[in-house]
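Undergrad: Here it is: the structure, laid out below.
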Amino acid sequence: MACAPLCNAMTPDEARSAYAAGDYAGAVATLRAIADKEPRNASANTMAGIALLRTGNPLAARKYLSKGSNDAKIALAEICYDEYDFDGAEEWLEKYSTAQKRARKPESAEVETLTGRIEAARAMMDRVERIVIIDSISVPADDFFRAYRLASSAGSVTDTSVLPPDTEAASPTSVFVTEDGGTMIWSAPDENENYVLMQASRLADGSWEAPSGLGDILNEGGDANFPFLMSDGVTLYFANDGENSIGGYDIFISRNNGEKFLQPQNVGMPYNSPFNDYLLAIDEETGIGWWATDRNRIEDSITIYRFIPQELRINYPVDTENLAALAQVKDYRSTWPEGEDYAELNRKVDNLRPTRRSRTAEMHFALPDGSVRTSVDSFHSAQARSLARDYINELNRLREAESALANLRESYAAGNSGAAADINAAEKDIELKRARIKELTNLIVNAEM
């Protein structure tokens, strides 16, 4: 048994192939052993250092990268950038560029990307928001949003099981559901496999309208994901990893002018970092905000911060001592005013039971007075209850008919021309079922009102 790790190790050729394929975790042990055996082998040291960096060990990576090739300087710049040492990052990039010019070699495209991020991050350091972070918890990365504790008035954040059947969704993503359960917002792949924000609203008959995009302006040239709509119905927070991100997902804000969402703005630091930051939610009832990040590099875990939002943004002065540490959130308690203790507030939030949406409701029937019936028994009128049973049965028949029609159309598209007559008959049957549902809807409203 003692030889198992050694016996299962990759050969040098296997490790180099795995490295080239991006399997840094599989290759790192062998690459490190090669570099230790050949300390003057610049290529081996570069690969070992980059593999260590990509598997979350920047401290060990430095040792190898410092003995690596010129390309290793880009990785060293990246380490400095991740540590908010922007001057150090620029110095490494300058050394790399000088060596490339001397050798008359072209620069890597990574240099331009990292240079742009350094400039953007340095600008953000001039306006780090002064917020009070009252707690920090680490949770498993899968379904991390289940740790959010939101009052029902803020809506809910849940998983894709609440979406109508056969609805496309990104993976991973979360679904925002409004307080009344009438609107959902989530992320889904477009025709180019980029993630875009989608929404759908519930119709009067309890079914859902076809999903529609929230607007290309939110895409930012990357993936848009993890939405949260404020209770004003206007202010949208979401994550995006596009051209205006300083690394991975950044959190953005956009507002709707009544017709469309406007150009999103990066919310800056401390919310955003060189790592992934997402799902910022603000609960106006409790006065607590939340956001998630993997900046602390805890394997398979996400850090969630709770903070007290401000009505007006107040930034730290640019000459604030330890400004970089505040932007990084090295110690969230350093954001507390002297003498303050938020234990009671945290207990209050911990006692909130998060709202969870599911498709367990028997129905969703909206009445003209704004009230909603979610089961047959929730109707006050005996006649309405009887009609509601017919309504549910007819809805189920409609869904079955629509599914059968979809199969017929697929068969026709595959070359089965004999399905044409069946398609025509199915379409007429569906029209009759929809008319019957509309009739039942009117009868139920009259009986209940």
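Residue numbering restarts at 1 for every chain of the structure tokens, chains are lettered A, B, ... in their displayed order, and ligands are numbered from 1 as they appear.
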Could you give me, as a list of chain:residue names, the residues within 10 Å of Ala25 in chain A, counting only C-alpha atoms and dropping anything in the same chain fewer than 4 positions from it?
TA: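 Skipping anything fewer than 4 positions along the chain leaves A:Ala15, A:Ala18, A:Tyr19, A:Ala29, A:Ala51, A:Leu52, A:Arg54, A:Thr55, A:Gly56.
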Undergrad: Among range 54-170 of chain A, which residues carry a DSSP assignment of alpha helix (DSSP H), reported as a ChimeraX atom specification?
TA: /A:54,58-65,72-82,86-102,109-124
Undergrad: Export N, CA and C atoms of the chosen residues as a compact mmCIF listing (two decimals), in the first residue's frame?
TA:
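Contents of result07.txt, as written:
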# COMPACT_ATOMS: atom_id res chain seq x y z
N ARG A 54 -2.17 27.11 -10.74
CA ARG A 54 -3.52 26.78 -11.19
C ARG A 54 -4.26 25.84 -10.23
N PRO A 58 -0.08 29.33 -4.80
CA PRO A 58 0.83 30.35 -5.32
C PRO A 58 2.14 30.47 -4.55
N LEU A 59 2.11 30.18 -3.26
CA LEU A 59 3.33 30.28 -2.45
C LEU A 59 4.39 29.31 -2.94
N ALA A 60 3.99 28.05 -3.14
CA ALA A 60 4.94 27.05 -3.65
C ALA A 60 5.30 27.34 -5.10
N ALA A 61 4.37 27.93 -5.85
CA ALA A 61 4.62 28.22 -7.27
C ALA A 61 5.77 29.20 -7.46
N ARG A 62 5.88 30.18 -6.57
CA ARG A 62 6.93 31.21 -6.70
C ARG A 62 8.32 30.59 -6.79
N LYS A 63 8.56 29.55 -5.98
CA LYS A 63 9.89 28.93 -5.93
C LYS A 63 10.30 28.42 -7.31
N TYR A 64 9.36 27.81 -8.01
CA TYR A 64 9.67 27.24 -9.32
C TYR A 64 9.65 28.31 -10.41
N LEU A 65 8.69 29.21 -10.35
CA LEU A 65 8.59 30.24 -11.39
C LEU A 65 9.81 31.16 -11.39
N ALA A 72 7.48 32.45 -17.45
CA ALA A 72 7.17 32.34 -16.02
C ALA A 72 6.93 33.70 -15.40
N LYS A 73 7.51 34.75 -16.01
CA LYS A 73 7.33 36.10 -15.46
C LYS A 73 5.87 36.55 -15.54
N ILE A 74 5.14 36.07 -16.54
CA ILE A 74 3.70 36.40 -16.63
C ILE A 74 2.96 35.80 -15.43
N ALA A 75 3.31 34.55 -15.10
CA ALA A 75 2.68 33.90 -13.95
C ALA A 75 3.05 34.61 -12.66
N LEU A 76 4.30 35.07 -12.54
CA LEU A 76 4.71 35.81 -11.35
C LEU A 76 3.95 37.14 -11.26
N ALA A 77 3.72 37.76 -12.41
CA ALA A 77 2.91 38.98 -12.43
C ALA A 77 1.49 38.69 -11.97
N GLU A 78 0.97 37.55 -12.39
CA GLU A 78 -0.39 37.16 -11.99
C GLU A 78 -0.49 36.96 -10.48
N ILE A 79 0.54 36.36 -9.89
CA ILE A 79 0.55 36.16 -8.44
C ILE A 79 0.54 37.52 -7.72
N CYS A 80 1.36 38.44 -8.19
CA CYS A 80 1.37 39.78 -7.59
C CYS A 80 0.01 40.45 -7.74
N TYR A 81 -0.59 40.30 -8.91
CA TYR A 81 -1.90 40.90 -9.16
C TYR A 81 -2.94 40.34 -8.20
N ASP A 82 -2.94 39.01 -8.02
CA ASP A 82 -3.89 38.39 -7.10
C ASP A 82 -3.71 38.86 -5.67
N PHE A 86 -0.07 45.65 -7.42
CA PHE A 86 -0.17 46.01 -8.83
C PHE A 86 1.15 46.54 -9.38
N ASP A 87 1.93 47.23 -8.54
CA ASP A 87 3.24 47.69 -8.99
C ASP A 87 4.16 46.51 -9.28
N GLY A 88 4.13 45.51 -8.39
CA GLY A 88 4.95 44.32 -8.60
C GLY A 88 4.54 43.57 -9.86
N ALA A 89 3.25 43.51 -10.11
CA ALA A 89 2.76 42.84 -11.31
C ALA A 89 3.28 43.54 -12.56
N GLU A 90 3.23 44.86 -12.55
CA GLU A 90 3.71 45.62 -13.72
C GLU A 90 5.20 45.43 -13.92
N GLU A 91 5.96 45.36 -12.85
CA GLU A 91 7.41 45.16 -12.97
C GLU A 91 7.73 43.83 -13.65
N TRP A 92 7.02 42.77 -13.26
CA TRP A 92 7.26 41.47 -13.88
C TRP A 92 6.89 41.49 -15.36
N LEU A 93 5.80 42.17 -15.70
CA LEU A 93 5.40 42.25 -17.10
C LEU A 93 6.41 43.05 -17.92
N GLU A 94 6.96 44.10 -17.33
CA GLU A 94 7.99 44.89 -18.02
C GLU A 94 9.24 44.06 -18.27
N LYS A 95 9.63 43.25 -17.29
CA LYS A 95 10.79 42.37 -17.46
C LYS A 95 10.52 41.36 -18.58
N TYR A 96 9.32 40.83 -18.60
CA TYR A 96 8.96 39.88 -19.64
C TYR A 96 9.03 40.55 -21.02
N SER A 97 8.43 41.73 -21.15
CA SER A 97 8.39 42.42 -22.45
C SER A 97 9.79 42.77 -22.93
N THR A 98 10.63 43.22 -22.00
CA THR A 98 12.01 43.57 -22.36
C THR A 98 12.74 42.36 -22.92
N ALA A 99 12.58 41.21 -22.26
CA ALA A 99 13.25 39.99 -22.72
C ALA A 99 12.70 39.53 -24.07
N GLN A 100 11.41 39.67 -24.28
CA GLN A 100 10.82 39.28 -25.56
C GLN A 100 11.34 40.16 -26.70
N LYS A 101 11.44 41.45 -26.43
CA LYS A 101 11.94 42.37 -27.46
C LYS A 101 13.40 42.07 -27.78
N ARG A 102 14.15 41.78 -26.74
CA ARG A 102 15.57 41.48 -26.94
C ARG A 102 15.72 40.22 -27.79
N ALA A 109 -0.58 37.08 -25.71
CA ALA A 109 -1.83 37.84 -25.58
C ALA A 109 -2.22 38.00 -24.12
N GLU A 110 -1.72 37.14 -23.25
CA GLU A 110 -2.02 37.25 -21.82
C GLU A 110 -1.55 38.57 -21.24
N VAL A 111 -0.46 39.10 -21.81
CA VAL A 111 0.11 40.34 -21.27
C VAL A 111 -0.87 41.50 -21.41
N GLU A 112 -1.46 41.62 -22.58
CA GLU A 112 -2.42 42.71 -22.80
C GLU A 112 -3.62 42.58 -21.87
N THR A 113 -4.13 41.34 -21.73
CA THR A 113 -5.28 41.11 -20.86
C THR A 113 -4.96 41.46 -19.42
N LEU A 114 -3.81 40.99 -18.93
CA LEU A 114 -3.44 41.24 -17.54
C LEU A 114 -3.13 42.72 -17.32
N THR A 115 -2.51 43.37 -18.29
CA THR A 115 -2.23 44.80 -18.17
C THR A 115 -3.53 45.60 -18.03
N GLY A 116 -4.55 45.23 -18.83
CA GLY A 116 -5.84 45.90 -18.73
C GLY A 116 -6.48 45.70 -17.37
N ARG A 117 -6.35 44.52 -16.84
CA ARG A 117 -6.93 44.24 -15.52
C ARG A 117 -6.19 44.99 -14.42
N ILE A 118 -4.90 45.09 -14.55
CA ILE A 118 -4.13 45.84 -13.56
C ILE A 118 -4.58 47.30 -13.54
N GLU A 119 -4.74 47.88 -14.72
CA GLU A 119 -5.18 49.28 -14.80
C GLU A 119 -6.56 49.45 -14.19
N ALA A 120 -7.47 48.52 -14.50
CA ALA A 120 -8.84 48.62 -13.97
C ALA A 120 -8.86 48.43 -12.45
N ALA A 121 -8.08 47.47 -11.96
CA ALA A 121 -8.05 47.22 -10.51
C ALA A 121 -7.42 48.39 -9.76
N ARG A 122 -6.39 48.97 -10.33
CA ARG A 122 -5.76 50.13 -9.68
C ARG A 122 -6.75 51.29 -9.59
N ALA A 123 -7.55 51.48 -10.65
CA ALA A 123 -8.56 52.54 -10.61
C ALA A 123 -9.60 52.25 -9.54
N MET A 124 -9.96 50.97 -9.37
CA MET A 124 -10.93 50.61 -8.33
C MET A 124 -10.39 50.90 -6.93
Undergrad: Sort by chain and increasing residue number a table of all residues of range 258-290 of chain A within 10 Å of range 204-215 of chain A, each with its closest pair of atoms and their distance in Å to one decimal, counting only C-alpha atoms, and write it as JSON lines.
TA:
{"residue": "A:Lys260", "atom": "CA", "partner": "A:Gly215", "partner_atom": "CA", "distance": 7.3}
{"residue": "A:Phe261", "atom": "CA", "partner": "A:Gly215", "partner_atom": "CA", "distance": 6.8}
{"residue": "A:Leu262", "atom": "CA", "partner": "A:Gly215", "partner_atom": "CA", "distance": 8.9}
{"residue": "A:Gln263", "atom": "CA", "partner": "A:Gly215", "partner_atom": "CA", "distance": 10.0}
Undergrad: What separation in Å, quoted to one decimal, exists between CA of Pro140 in chain A and CA of Leu323 in chain A?
TA: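 CA of Leu323 in chain A lies at a distance of 29.3 Å from CA of Pro140 in chain A.
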Undergrad: Could you pull the residues within 12 Å of Asp429 in chain A, counting only C-alpha atoms, minus those fewer than 3 positions along the same chain, as an MDAnalysis selection string?
TA: chainID A and resid 394 397:402 404:405 422:426 432:436
Undergrad: Determine the nearest neighbour of Leu279 in chain A from the options A:Ser66, A:Ser231, A:Thr441, A:Thr293, counting only C-alpha atoms.
TA: A:Thr293
Undergrad: Counting only C-alpha atoms, figure out which residue out of A:Ala413, A:Val329, A:Val267, A:Met47 gets nearest to Arg295 in chain A.
TA: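 Looking at the shortest contact to Arg295 in chain A, the residue is A:Val329.
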Undergrad: Give me, as a VMD selection string, all polymer residues having an atom no more than 10 Å from Val139 in chain A, counting only C-alpha atoms and skipping those fewer than 5 positions away in the same chain.
TA: chain A and resid 144 to 147 292 298 300 to 304
Undergrad: Which is closest to Ile251 in chain A among A:Asp126, A:Glu220, A:Glu284, A:Asp390, if we use only C-alpha atoms?
TA: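 Ranking A:Asp126, A:Glu220, A:Glu284, A:Asp390 by distance to Ile251 in chain A, first place goes to A:Glu220.
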Undergrad: Could you check the closest approach to Pro264 in chain A for each of A:Leu280, A:Val28, A:Ala239, A:Met449 and tell me which residue wins, using only C-alpha atoms?
TA: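 That would be A:Ala239, the residue with the smallest distance to Pro264 in chain A.
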Undergrad: For each of A:Leu352, A:Ala281, A:Ile246, A:Leu440, take the minimum atom-to-atom distance to Asn393 in chain A, counting only C-alpha atoms, then give the residue where this is smallest.
TA: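 Selected residue with least distance to Asn393 in chain A: A:Leu440.
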Undergrad: Need the shell around Lys348 in chain A: protein/DNA/RNA residues with any atom at most 12 Å away, counting only C-alpha atoms. Skip same-chain ones fewer than 2 positions apart. Format as a list in words?
TA: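 Contacts, with the query itself left out: Arg149, Leu150, Ala151, Thr286, Gly287, Ile288, Tyr342, Ala343, Glu344, Leu345, Asn346, Asp350, Asn351, Leu352 and Arg353 of chain A.
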Undergrad: Residues near Pro12 in chain A, anyone? I mean within 8 Å using only C-alpha atoms, not counting same-chain ones fewer than 5 positions away, as an NGL selection string.
TA: :A and (30-31 or 34)
Undergrad: With only C-alpha atoms as the basis for distance, which of A:Glu129, A:Glu83, A:Asp331, A:Asp216 is at the shortest distance from Phe275 in chain A?
TA: A:Glu83
Undergrad: List the neighbours of Asn225 in chain A out to 7 Å using only C-alpha atoms; skip same-chain residues closer than 6 positions along the sequence, and give me the result as a VMD selection string.
TA: chain A and resid 173 187 195 to 197 238 to 240
Undergrad: Take the selection from the previous step and output its residues with N, CA, C and O atoms, as a PDB file, in the first residue's frame.
TA:
ATOM      1  N   THR A 173     -25.970  27.862 -12.113  1.00  0.00           N
ATOM      2  CA  THR A 173     -26.672  29.140 -12.039  1.00  0.00           C
ATOM      3  C   THR A 173     -27.594  29.099 -10.834  1.00  0.00           C
ATOM      4  O   THR A 173     -27.747  28.048 -10.196  1.00  0.00           O
ATOM      5  N   SER A 187     -30.036  32.359 -15.723  1.00  0.00           N
ATOM      6  CA  SER A 187     -29.086  32.419 -16.829  1.00  0.00           C
ATOM      7  C   SER A 187     -29.208  31.159 -17.679  1.00  0.00           C
ATOM      8  O   SER A 187     -29.425  30.064 -17.154  1.00  0.00           O
ATOM      9  N   TYR A 195     -23.542  32.537 -21.693  1.00  0.00           N
ATOM     10  CA  TYR A 195     -24.642  32.632 -20.749  1.00  0.00           C
ATOM     11  C   TYR A 195     -25.263  34.033 -20.799  1.00  0.00           C
ATOM     12  O   TYR A 195     -24.552  35.038 -20.715  1.00  0.00           O
ATOM     13  N   VAL A 196     -26.590  34.081 -20.911  1.00  0.00           N
ATOM     14  CA  VAL A 196     -27.322  35.346 -20.942  1.00  0.00           C
ATOM     15  C   VAL A 196     -28.448  35.275 -19.921  1.00  0.00           C
ATOM     16  O   VAL A 196     -28.936  34.192 -19.576  1.00  0.00           O
ATOM     17  N   LEU A 197     -28.890  36.434 -19.433  1.00  0.00           N
ATOM     18  CA  LEU A 197     -29.952  36.476 -18.440  1.00  0.00           C
ATOM     19  C   LEU A 197     -31.314  36.384 -19.119  1.00  0.00           C
ATOM     20  O   LEU A 197     -31.579  37.078 -20.100  1.00  0.00           O
ATOM     21  N   PHE A 238     -26.014  41.384 -10.911  1.00  0.00           N
ATOM     22  CA  PHE A 238     -25.695  40.111 -11.557  1.00  0.00           C
ATOM     23  C   PHE A 238     -24.179  40.009 -11.697  1.00  0.00           C
ATOM     24  O   PHE A 238     -23.443  40.979 -11.469  1.00  0.00           O
ATOM     25  N   ALA A 239     -23.714  38.833 -12.074  1.00  0.00           N
ATOM     26  CA  ALA A 239     -22.282  38.608 -12.257  1.00  0.00           C
ATOM     27  C   ALA A 239     -21.972  38.462 -13.741  1.00  0.00           C
ATOM     28  O   ALA A 239     -22.790  37.988 -14.516  1.00  0.00           O
ATOM     29  N   ASN A 240     -20.765  38.896 -14.121  1.00  0.00           N
ATOM     30  CA  ASN A 240     -20.327  38.778 -15.504  1.00  0.00           C
ATOM     31  C   ASN A 240     -18.814  38.646 -15.526  1.00  0.00           C
ATOM     32  O   ASN A 240     -18.122  39.275 -14.720  1.00  0.00           O
TER      33      ASN A 240
END
Undergrad: Work out how far apart CA of Asn256 in chain A and CA of Leu203 in chain A are and give it in Å to one decimal.
TA: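 So the two atoms, CA of Asn256 in chain A and CA of Leu203 in chain A, lie 22.0 Å apart.
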